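Q: Below is model26.cif; it holds mmCIF, C-alpha atoms and all ligand atoms.
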data_model
loop_
_atom_site.label_atom_id
_atom_site.label_comp_id
_atom_site.auth_asym_id
_atom_site.auth_seq_id
_atom_site.Cartn_x
_atom_site.Cartn_y
_atom_site.Cartn_z
CA MET A 1 9.63 5.42 -5.75
CA GLU A 2 13.37 5.94 -5.37
CA GLN A 3 15.90 3.43 -6.59
CA PRO A 4 19.60 3.32 -5.86
CA LYS A 5 21.51 4.62 -8.92
CA ASN A 6 23.61 2.00 -10.71
CA ALA A 7 22.20 -0.70 -8.47
CA ALA A 8 24.62 -3.58 -8.65
CA SER A 9 22.59 -6.39 -7.25
CA LEU A 10 19.11 -7.63 -6.41
CA ALA A 11 19.91 -7.06 -2.74
CA ASP A 12 20.54 -3.35 -3.42
CA LEU A 13 17.25 -3.00 -5.25
CA GLY A 14 15.06 -5.09 -2.98
CA GLU A 15 11.77 -6.64 -4.04
CA PHE A 16 9.96 -3.37 -4.65
CA GLY A 17 12.93 -1.77 -6.36
CA LEU A 18 13.03 -4.71 -8.71
CA ILE A 19 9.31 -4.43 -9.43
CA ASP A 20 9.73 -0.69 -10.10
CA ARG A 21 12.60 -1.46 -12.46
CA ILE A 22 10.52 -4.00 -14.37
CA ALA A 23 7.60 -1.55 -14.47
CA GLY A 24 9.89 1.21 -15.79
CA GLN A 25 11.08 -1.03 -18.61
CA THR A 26 7.60 -2.20 -19.55
CA GLN A 27 5.10 -0.43 -21.78
CA THR A 28 1.49 -1.35 -22.42
CA HIS A 29 -0.07 -0.86 -25.84
CA ASN A 30 -3.62 -2.13 -25.73
CA GLN A 31 -6.47 0.27 -25.11
CA SER A 32 -8.11 -2.31 -22.90
CA THR A 33 -5.14 -2.25 -20.49
CA ILE A 34 -6.41 0.31 -18.02
CA ARG A 35 -3.73 -0.29 -15.34
CA GLY A 36 -0.61 -2.43 -15.60
CA ILE A 37 2.12 -3.11 -13.04
CA GLY A 38 1.94 -1.19 -9.77
CA ASP A 39 -1.30 -1.81 -7.92
CA ASP A 40 -2.85 -4.76 -6.06
CA ALA A 41 -4.18 -5.99 -9.40
CA ALA A 42 -4.07 -5.03 -13.07
CA VAL A 43 -7.25 -3.52 -14.51
CA ILE A 44 -8.58 -4.53 -17.92
CA CYS A 45 -11.56 -3.10 -19.75
CA ALA A 46 -14.03 -5.86 -20.62
CA GLY A 47 -16.89 -4.11 -22.38
CA GLY A 48 -19.08 -2.33 -19.83
CA ARG A 49 -17.25 -3.69 -16.80
CA HIS A 50 -13.64 -3.72 -15.69
CA GLN A 51 -11.80 -6.89 -14.82
CA VAL A 52 -9.00 -7.03 -12.29
CA VAL A 53 -6.24 -9.64 -12.50
CA THR A 54 -3.76 -10.51 -9.78
CA THR A 55 -1.29 -13.34 -9.25
CA ASP A 56 0.73 -14.67 -6.31
CA LEU A 57 3.48 -17.23 -6.04
CA LEU A 58 3.96 -19.35 -2.92
CA LEU A 59 7.15 -21.38 -2.47
CA GLU A 60 7.72 -24.09 0.13
CA GLY A 61 10.44 -22.98 2.55
CA ILE A 62 9.94 -19.29 1.67
CA HIS A 63 6.23 -18.62 2.11
CA PHE A 64 5.10 -21.72 3.98
CA ASP A 65 6.48 -24.52 6.10
CA LEU A 66 4.67 -27.84 5.80
CA THR A 67 5.83 -28.96 9.26
CA TYR A 68 3.15 -26.75 10.78
CA CYS A 69 0.96 -25.64 7.89
CA PRO A 70 -1.69 -28.29 7.07
CA LEU A 71 -2.21 -28.61 3.31
CA LYS A 72 -5.92 -27.83 3.52
CA HIS A 73 -5.10 -24.55 5.28
CA LEU A 74 -2.38 -23.84 2.76
CA GLY A 75 -4.80 -24.25 -0.14
CA TYR A 76 -7.32 -22.02 1.57
CA LYS A 77 -4.73 -19.36 2.38
CA ALA A 78 -3.27 -19.41 -1.13
CA VAL A 79 -6.69 -18.50 -2.54
CA ALA A 80 -7.54 -16.09 0.29
CA VAL A 81 -4.44 -13.94 -0.20
CA ASN A 82 -5.14 -13.64 -3.91
CA LEU A 83 -8.75 -12.70 -3.38
CA SER A 84 -7.58 -10.11 -0.86
CA ASP A 85 -5.85 -8.29 -3.74
CA VAL A 86 -9.09 -8.40 -5.77
CA TYR A 87 -11.07 -6.87 -2.88
CA ALA A 88 -8.29 -4.29 -2.42
CA MET A 89 -9.30 -2.92 -5.84
CA ASN A 90 -12.92 -2.68 -4.57
CA ALA A 91 -13.78 -5.50 -6.99
CA ARG A 92 -15.33 -8.94 -6.49
CA PRO A 93 -13.62 -12.22 -7.39
CA ARG A 94 -15.10 -14.37 -10.14
CA GLN A 95 -12.49 -16.91 -11.35
CA ILE A 96 -9.11 -18.31 -10.28
CA THR A 97 -6.49 -20.49 -11.94
CA VAL A 98 -4.15 -22.64 -9.86
CA SER A 99 -0.73 -23.85 -11.01
CA ILE A 100 1.27 -26.29 -8.92
CA GLY A 101 4.79 -27.72 -8.98
CA VAL A 102 4.81 -30.95 -6.97
CA SER A 103 7.77 -33.08 -5.90
CA ALA A 104 7.66 -36.87 -5.71
CA LYS A 105 7.34 -36.84 -1.91
CA PHE A 106 3.68 -35.80 -2.10
CA THR A 107 0.90 -38.37 -1.95
CA LEU A 108 -2.35 -38.18 -3.84
CA LYS A 109 -4.08 -37.63 -0.48
CA ALA A 110 -1.87 -34.60 0.16
CA ILE A 111 -2.87 -33.00 -3.14
CA ASP A 112 -6.53 -33.80 -2.44
CA GLU A 113 -6.21 -31.96 0.87
CA LEU A 114 -4.61 -28.95 -0.81
CA TYR A 115 -7.49 -28.76 -3.30
CA GLU A 116 -10.07 -29.23 -0.53
CA GLY A 117 -8.80 -25.98 0.97
CA ILE A 118 -8.70 -24.30 -2.45
CA ARG A 119 -12.32 -25.31 -3.15
CA LEU A 120 -13.50 -24.25 0.28
CA ALA A 121 -12.13 -20.72 -0.19
CA CYS A 122 -13.61 -20.60 -3.73
CA GLU A 123 -17.03 -21.56 -2.37
CA ARG A 124 -16.89 -19.11 0.50
CA TYR A 125 -15.94 -16.16 -1.71
CA GLY A 126 -17.85 -17.08 -4.86
CA ALA A 127 -14.93 -17.75 -7.24
CA ASP A 128 -14.80 -20.54 -9.85
CA LEU A 129 -11.64 -22.59 -10.30
CA VAL A 130 -11.29 -22.52 -14.09
CA GLY A 131 -7.81 -23.81 -14.92
CA GLY A 132 -4.12 -23.86 -14.14
CA ASP A 133 -1.00 -25.87 -14.84
CA THR A 134 0.71 -28.88 -13.27
CA SER A 135 4.37 -29.80 -13.24
CA THR A 136 6.84 -31.90 -11.27
CA SER A 137 9.20 -29.97 -9.05
CA LEU A 138 12.73 -30.63 -7.75
CA THR A 139 12.43 -28.11 -4.94
CA GLY A 140 9.30 -28.82 -2.92
CA LEU A 141 5.81 -27.49 -3.45
CA THR A 142 5.12 -24.39 -5.55
CA ILE A 143 1.67 -22.84 -5.82
CA SER A 144 0.83 -19.99 -8.15
CA ILE A 145 -2.69 -18.61 -8.20
CA THR A 146 -4.18 -16.02 -10.50
CA ALA A 147 -7.47 -14.41 -9.53
CA ILE A 148 -9.81 -12.51 -11.81
CA GLY A 149 -12.44 -10.17 -10.46
CA GLU A 150 -14.81 -7.56 -11.77
CA ALA A 151 -16.27 -4.20 -10.86
CA GLU A 152 -18.09 -1.27 -12.38
CA PRO A 153 -15.40 1.01 -13.81
CA ASP A 154 -16.27 3.87 -11.45
CA ARG A 155 -16.07 1.60 -8.36
CA ILE A 156 -12.43 0.54 -8.82
CA VAL A 157 -10.07 2.01 -6.23
CA TYR A 158 -6.36 2.45 -6.93
CA ARG A 159 -3.46 3.17 -4.62
CA ASN A 160 -2.93 6.60 -6.11
CA GLY A 161 -6.16 8.48 -5.40
CA ALA A 162 -5.60 9.69 -1.83
CA ARG A 163 -5.88 13.44 -1.17
CA PRO A 164 -4.46 15.64 1.58
CA ASN A 165 -6.52 15.46 4.82
CA ASP A 166 -8.16 12.16 3.83
CA ILE A 167 -8.60 9.87 6.83
CA ILE A 168 -6.50 6.70 6.84
CA CYS A 169 -8.55 3.66 7.88
CA VAL A 170 -7.76 0.02 8.53
CA SER A 171 -10.37 -2.75 8.68
CA GLY A 172 -9.00 -4.78 11.60
CA ASP A 173 -6.20 -5.47 14.03
CA LEU A 174 -2.62 -5.84 12.83
CA GLY A 175 0.44 -7.86 13.85
CA ALA A 176 -1.47 -11.03 14.82
CA ALA A 177 -0.38 -13.13 11.85
CA TYR A 178 3.26 -12.26 12.49
CA MET A 179 2.97 -13.18 16.17
CA GLY A 180 1.25 -16.44 15.13
CA LEU A 181 4.24 -17.19 12.92
CA GLN A 182 6.65 -16.49 15.81
CA LEU A 183 4.69 -18.92 17.98
CA LEU A 184 4.72 -21.65 15.32
CA GLU A 185 8.44 -21.16 14.73
CA ARG A 186 9.16 -21.29 18.46
CA GLU A 187 7.20 -24.50 18.98
CA LYS A 188 8.88 -26.03 15.96
CA ARG A 189 12.29 -25.33 17.53
CA VAL A 190 11.19 -26.61 20.94
CA LEU A 191 9.71 -29.81 19.52
CA LYS A 192 12.60 -30.64 17.20
CA GLY A 193 13.71 -34.13 18.17
CA ASN A 194 11.20 -34.28 21.00
CA ALA A 195 8.28 -36.21 19.56
CA PHE A 196 6.50 -36.69 22.92
CA GLU A 197 6.07 -33.02 23.79
CA ARG A 198 2.85 -31.26 22.84
CA PRO A 199 3.11 -27.75 21.44
CA ALA A 200 2.15 -24.97 23.90
CA PHE A 201 -0.60 -23.25 21.89
CA ASP A 202 -3.17 -22.70 24.68
CA GLY A 203 -4.78 -19.27 24.63
CA TYR A 204 -3.19 -18.41 21.29
CA ASP A 205 -5.87 -19.71 18.87
CA TYR A 206 -6.52 -16.24 17.52
CA ILE A 207 -3.00 -15.49 16.30
CA LEU A 208 -2.60 -19.03 14.92
CA GLU A 209 -5.79 -18.63 12.92
CA ARG A 210 -4.65 -15.23 11.64
CA GLN A 211 -1.42 -16.85 10.39
CA LEU A 212 -2.78 -20.14 9.06
CA LYS A 213 -6.25 -19.21 7.81
CA PRO A 214 -6.56 -15.52 6.93
CA GLU A 215 -9.88 -14.28 5.54
CA PRO A 216 -10.01 -11.60 2.84
CA ARG A 217 -12.32 -8.72 3.85
CA ALA A 218 -15.20 -9.24 1.42
CA ASP A 219 -17.52 -7.99 4.18
CA VAL A 220 -15.78 -4.61 4.22
CA ILE A 221 -16.22 -4.20 0.45
CA ASP A 222 -19.94 -5.03 0.85
CA PHE A 223 -20.23 -2.56 3.71
CA LEU A 224 -18.52 0.25 1.78
CA GLU A 225 -20.99 -0.27 -1.04
CA LYS A 226 -23.95 -0.31 1.34
CA ILE A 227 -23.00 2.98 3.01
CA ASP A 228 -22.04 4.43 -0.38
CA VAL A 229 -18.43 5.20 0.46
CA ARG A 230 -15.81 4.86 -2.22
CA PRO A 231 -12.32 5.01 -0.70
CA THR A 232 -9.97 7.43 -2.46
CA ALA A 233 -7.12 4.86 -2.28
CA MET A 234 -6.97 1.29 -1.03
CA MET A 235 -4.69 -1.72 -0.73
CA ASP A 236 -4.48 -4.83 1.40
CA VAL A 237 -1.96 -5.27 4.20
CA SER A 238 0.26 -8.11 3.05
CA ASP A 239 3.71 -6.70 3.87
CA GLY A 240 3.00 -4.66 7.04
CA LEU A 241 1.35 -1.31 7.68
CA SER A 242 4.51 0.79 7.10
CA SER A 243 5.24 -0.65 3.71
CA GLU A 244 1.61 -0.36 2.55
CA LEU A 245 1.23 3.21 3.79
CA LEU A 246 4.38 4.19 1.92
CA HIS A 247 2.94 2.62 -1.24
CA ILE A 248 -0.23 4.73 -0.92
CA CYS A 249 1.83 7.85 -0.11
CA HIS A 250 4.25 7.36 -3.01
CA SER A 251 1.52 6.43 -5.49
CA SER A 252 -0.63 9.38 -4.45
CA GLY A 253 2.31 11.81 -4.20
CA LEU A 254 1.50 12.60 -0.54
CA GLY A 255 2.76 12.21 3.01
CA CYS A 256 0.93 10.94 6.10
CA ARG A 257 0.66 11.03 9.87
CA VAL A 258 -0.25 7.82 11.68
CA TYR A 259 -0.86 7.63 15.43
CA GLU A 260 0.78 4.69 17.17
CA GLU A 261 -1.96 4.62 19.84
CA LYS A 262 -4.68 4.26 17.18
CA ILE A 263 -3.19 1.20 15.47
CA PRO A 264 -5.51 -1.69 16.41
CA ILE A 265 -3.66 -4.58 18.06
CA ASP A 266 -5.48 -7.55 19.61
CA HIS A 267 -4.77 -8.49 23.25
CA VAL A 268 -3.66 -12.01 22.20
CA THR A 269 -1.07 -10.39 19.91
CA ARG A 270 0.11 -8.27 22.85
CA ASN A 271 0.29 -11.31 25.15
CA MET A 272 2.46 -13.21 22.69
CA ALA A 273 4.64 -10.17 22.08
CA ASP A 274 5.09 -9.74 25.86
CA GLU A 275 6.05 -13.39 26.19
CA ILE A 276 8.85 -13.13 23.66
CA ASN A 277 9.83 -9.59 24.56
CA PHE A 278 8.84 -8.10 21.23
CA ASN A 279 7.24 -4.72 20.56
CA PRO A 280 3.71 -5.46 19.22
CA VAL A 281 3.70 -2.13 17.34
CA VAL A 282 6.71 -3.33 15.35
CA ALA A 283 4.73 -6.49 14.51
CA ALA A 284 1.86 -4.31 13.28
CA LEU A 285 4.12 -1.99 11.28
CA ASN A 286 6.44 -4.55 9.74
CA GLY A 287 5.00 -8.03 10.27
CA GLY A 288 2.59 -8.40 7.38
CA GLU A 289 0.15 -11.12 6.28
CA ASP A 290 -2.73 -9.44 8.10
CA TYR A 291 -4.81 -9.16 4.90
CA GLU A 292 -6.82 -6.30 6.32
CA LEU A 293 -7.80 -3.45 4.00
CA LEU A 294 -5.98 -0.15 4.36
CA PHE A 295 -7.83 2.74 2.74
CA THR A 296 -8.22 6.48 2.71
CA ILE A 297 -11.55 8.31 2.69
CA ALA A 298 -12.70 11.89 2.42
CA GLN A 299 -13.37 13.37 5.88
CA ALA A 300 -17.01 13.98 4.97
CA ASP A 301 -17.50 10.21 4.48
CA TYR A 302 -16.32 9.25 7.96
CA GLN A 303 -19.68 9.70 9.68
CA LYS A 304 -21.29 7.22 7.24
CA PHE A 305 -19.45 4.38 9.00
CA GLN A 306 -21.70 4.96 12.02
CA SER A 307 -24.92 5.13 9.95
CA ILE A 308 -25.64 1.36 10.05
CA PRO A 309 -24.08 -1.57 11.96
CA GLY A 310 -21.07 -3.03 10.17
CA PRO A 311 -17.49 -4.20 10.58
CA ASN A 312 -15.22 -2.16 12.87
CA ILE A 313 -13.23 0.38 10.91
CA TYR A 314 -10.32 2.07 12.68
CA ALA A 315 -9.17 5.59 11.79
CA ILE A 316 -5.42 5.65 12.38
CA GLY A 317 -4.24 8.92 10.87
CA TYR A 318 -4.53 11.28 7.92
CA MET A 319 -2.86 12.13 4.64
CA THR A 320 -0.71 15.25 4.25
CA GLU A 321 1.12 17.08 1.48
CA ALA A 322 4.25 15.22 0.33
CA ASP A 323 6.70 17.67 1.94
CA LYS A 324 5.44 16.72 5.43
CA GLY A 325 6.93 13.22 5.00
CA CYS A 326 5.47 9.88 6.08
CA ARG A 327 5.60 9.74 9.87
CA LEU A 328 4.41 7.79 12.86
CA ILE A 329 3.41 9.82 15.92
CA THR A 330 4.47 7.72 18.89
CA GLN A 331 2.56 7.34 22.18
CA GLY A 332 5.01 9.85 23.70
CA GLY A 333 4.16 12.43 21.01
CA SER A 334 7.44 12.29 19.06
CA GLU A 335 7.57 11.64 15.32
CA ALA A 336 9.44 8.81 13.58
CA ASP A 337 9.81 8.18 9.84
CA LEU A 338 7.88 5.17 8.55
CA VAL A 339 10.30 2.59 7.17
CA ALA A 340 9.30 -0.30 4.93
CA GLN A 341 11.01 -3.48 6.09
CA GLY A 342 9.15 -5.42 3.42
CA TRP A 343 11.48 -3.99 0.77
CA LYS A 344 14.47 -6.05 1.78
CA ALA A 345 13.30 -9.37 0.43
CA PHE A 346 16.54 -10.08 -1.40
CA ALA A 347 18.94 -8.92 1.34
CA GLN A 348 21.15 -11.69 2.74
P1 LIG A 401 0.78 -7.39 -3.65
O1 LIG A 401 1.62 -7.40 -2.39
O2 LIG A 401 -0.42 -6.53 -3.57
O3 LIG A 401 0.50 -8.78 -4.19
P2 LIG A 401 3.17 -6.94 -5.21
O4 LIG A 401 4.04 -6.10 -4.36
O5 LIG A 401 3.43 -8.41 -5.27
O6 LIG A 401 1.66 -6.65 -4.76
O7 LIG A 401 3.15 -6.39 -6.67
C1 LIG A 401 3.03 -5.01 -6.96
C2 LIG A 401 2.80 -4.84 -8.45
O8 LIG A 401 3.92 -5.33 -9.20
C3 LIG A 401 1.60 -5.60 -9.02
O9 LIG A 401 1.06 -4.79 -10.03
C4 LIG A 401 2.22 -6.85 -9.60
O10 LIG A 401 1.43 -7.40 -10.63
C5 LIG A 401 3.54 -6.32 -10.13
N1 LIG A 401 4.60 -7.34 -10.21
C6 LIG A 401 5.17 -8.02 -9.18
N2 LIG A 401 6.16 -8.85 -9.62
C7 LIG A 401 6.22 -8.68 -10.97
C8 LIG A 401 7.03 -9.24 -12.01
N3 LIG A 401 7.98 -10.16 -11.73
N4 LIG A 401 6.82 -8.83 -13.29
C9 LIG A 401 5.86 -7.92 -13.57
N5 LIG A 401 5.08 -7.34 -12.63
C10 LIG A 401 5.24 -7.71 -11.35
MG MG A 402 -1.94 -6.28 -2.28
#
Show me the file's structure as structure tokens.
Ligand code: ADP
Ligand code: MG
A:
Amino acid sequence: MEQPKNAASLADLGEFGLIDRIAGQTQTHNQSTIRGIGDDAAVICAGGRHQVVTTDLLLEGIHFDLTYCPLKHLGYKAVAVNLSDVYAMNARPRQITVSIGVSAKFTLKAIDELYEGIRLACERYGADLVGGDTSTSLTGLTISITAIGEAEPDRIVYRNGARPNDIICVSGDLGAAYMGLQLLEREKRVLKGNAFERPAFDGYDYILERQLKPEPRADVIDFLEKIDVRPTAMMDVSDGLSSELLHICHSSGLGCRVYEEKIPIDHVTRNMADEINFNPVVAALNGGEDYELLFTIAQADYQKFQSIPGPNIYAIGYMTEADKGCRLITQGGSEADLVAQGWKAFAQ
């Protein structure tokens, strides 16, 4: 991935530039380190099986807003987004650790609620909570979760295995979580100082649920195993389709063509987008937090998706040689470069 030369600041580099820089300065030495920085999770050899390890940091005011995010949902989501990275390696979660920084404003009941959500997600996805760390915080709530999963070595799927002409698939509709966030933000602004109003959420349950309580796609991993399809590359959609596609393209040394009309977008997402005069395709491309799986498969494997009933899988485009670039084919038939908005995390 390209980095600005002589980058002067974090803003120049962006989040992914910074990660690339750290990766470039880091070497691994142990034979058991199969994959270090650069995928959804690290891969470690543990005897006959491989373990995957992934970690996420959630900061109050950056990643969540407690005025509209109930603590139980927050706990659930914090685990869910980590497990999503485990599934994105085609692995299954086994253990998590949870570290929290808590300020004095929190009650014991609040922390109980947070852990209720954490335990619920653990139960649903078969992970054990096995440790963590606890500290006071001066700056609101901080949650850091590490998830450990396992897989047979030959089942693990990286971001870099896509081949030209592979079909690009996504496991569900995109842009809903972003539209849910817009709705929550709008109602927060409307209700500020107006304690007697009720928020106008009617008809929008779906996008609120996608924002507040995402589910990692364990069912898709089970289905892929059942129909004996091993994706050539895979990752989860946390930063938006554009950004994730560019990761797969760059890691695999390829380009891609994605058809705007094939990108799945739910009608509730479209309704909300209409209401606030926003292009729903932009929400799908750049919104993020969908936690669907984005993967590439060999063309010959595509028919296996129809062989038994299973989750809807949407084919949205195909991989090309690198010199063809990474492009979106719009409804009108013109081509536009895919741009990763998710890379500007440090921009002011
Ligand atoms: P995801 O969106 O799938 O969670 P990230 O973009 O957060 O992935 O991370 C991409 C890769 O960079 C992962 O391998 C992750 O472990 C690594 N990474 C992210 N931040 C750091 C850091 N501060 N130091 C070392 N590695 C990092
Ligand atoms: Mg990921």
Q: Which residues form the shell of 6 Å around ligand LIG 401 (chain A) when you count only C-alpha atoms and all ligand atoms, given as a ChimeraX atom specification?
A: /A:19,37-42,85,238
Q: Enter the distance from CA of Asp337 (chain A) to CA of Ala11 (chain A), in Å, rounded to one decimal.
A: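 About the pair CA of Asp337 (chain A) and CA of Ala11 (chain A): they are 22.2 Å apart.
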Q: Produce the centre coordinates and the three edge lengths, each in Å to one decimal, of the box along x, y and z that contains all listed atoms of region 165-180 of chain A with 8 Å added on each side, as AutoDock Vina command-line options.
A:
--center_x -3.6 --center_y -0.5 --center_z 10.0 --size_x 29.6 --size_y 47.9 --size_z 28.3
Q: Skip region 294-309 of chain A itself and residues of its chain fewer than 3 positions away, then list as number ranges by chain all residues within 9 Å of it, counting only C-alpha atoms.
A: A: 88, 159, 161-163, 165-171, 223-224, 227-237, 241, 244-245, 248, 312-313, 315, 318-319
Q: Just give me the gap between CA of Glu116 (chain A) and CA of Gly132 (chain A) in Å, one decimal is fine.
A: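 A separation of 15.8 Å between them.
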Q: So which one's closest to ligand MG 402 (chain A), A:Thr67, A:Asn82, A:Asn279, A:Thr146? Using only C-alpha atoms and all ligand atoms, please.
A: A:Asn82
Q: Would you mind listing what lies within 6 Å of region 174-186 of chain A as a PyMOL selection string, with all atoms listed in the file counted and same-chain residues fewer than 3 positions away left out?
A: chain A and resi 189+207-208+210-211+265+269+283-284+287+289-290
Q: Can you pull out the residues contacting Arg119 (chain A)? Cut-off 8 Å, using all atoms listed in the file, and skip same-chain residues under 4 positions away; I want them as a list in words.
A: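 Counting all atoms listed in the file, the residues come to Tyr76, Tyr115, Glu123 and Leu129 of chain A.
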Q: Between CA of Gln341 (chain A) and CA of Ile221 (chain A), what distance in Å does the model show, to one decimal?
A: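 Between CA of Gln341 (chain A) and CA of Ile221 (chain A) the gap works out to 27.8 Å.
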Q: Which residues, written as a ChimeraX atom specification, have at least one atom at most 8 Å from Leu212 (chain A), with all atoms listed in the file counted and residues fewer than 6 positions away on the same chain left out?
A: /A:69,73-74,77,177
Q: Pick the closest to ligand MG 402 (chain A) from A:Cys326, A:Ser84, A:Ala110, A:Ile263: which is it, counting all atoms listed in the file?
A: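 Of the candidates, the smallest distance to ligand MG 402 (chain A) is held by A:Ser84.
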Q: Write out as a list in words which residues come within 12 Å of Arg124 (chain A) when counting all atoms listed in the file, dropping same-chain ones fewer than 2 positions away.
A: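 Here the qualifying residues turn out to be Tyr76, Val79, Ala80, Leu83, Pro93, Arg94, Gly117, Ile118, Arg119, Leu120, Ala121, Cys122, Gly126, Ala127, Asp128, Glu215, Pro216, Arg217, Ala218 and Asp219 of chain A.
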Q: Kindly indicate which residue among A:Tyr68, A:Tyr206, A:Tyr291, A:Phe106 lies nearest to ligand MG 402 (chain A), using all atoms listed in the file for the distances.
A: A:Tyr291
Q: Could you check which of A:Pro199, A:Tyr158, A:Val86, A:Leu59 is closest to Thr139 (chain A), using all atoms listed in the file?
A: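 Once distances to Thr139 (chain A) are computed over all atoms listed in the file, the minimum belongs to A:Leu59.
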Q: Which residue is closest to Ala78 (chain A)? Choose from A:Thr54, A:Thr33, A:Gly131, A:Ile143 and count all atoms listed in the file.
A: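 Checking each candidate against Ala78 (chain A), we get A:Ile143 as the closest.
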Q: Looking at only C-alpha atoms, which of A:Gln331, A:His63, A:Gln51, A:Ala340 is the one that sits closest to Ser32 (chain A)?
A: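 Checking each of A:Gln331, A:His63, A:Gln51, A:Ala340 against Ser32 (chain A), counting only C-alpha atoms, the winner is A:Gln51.
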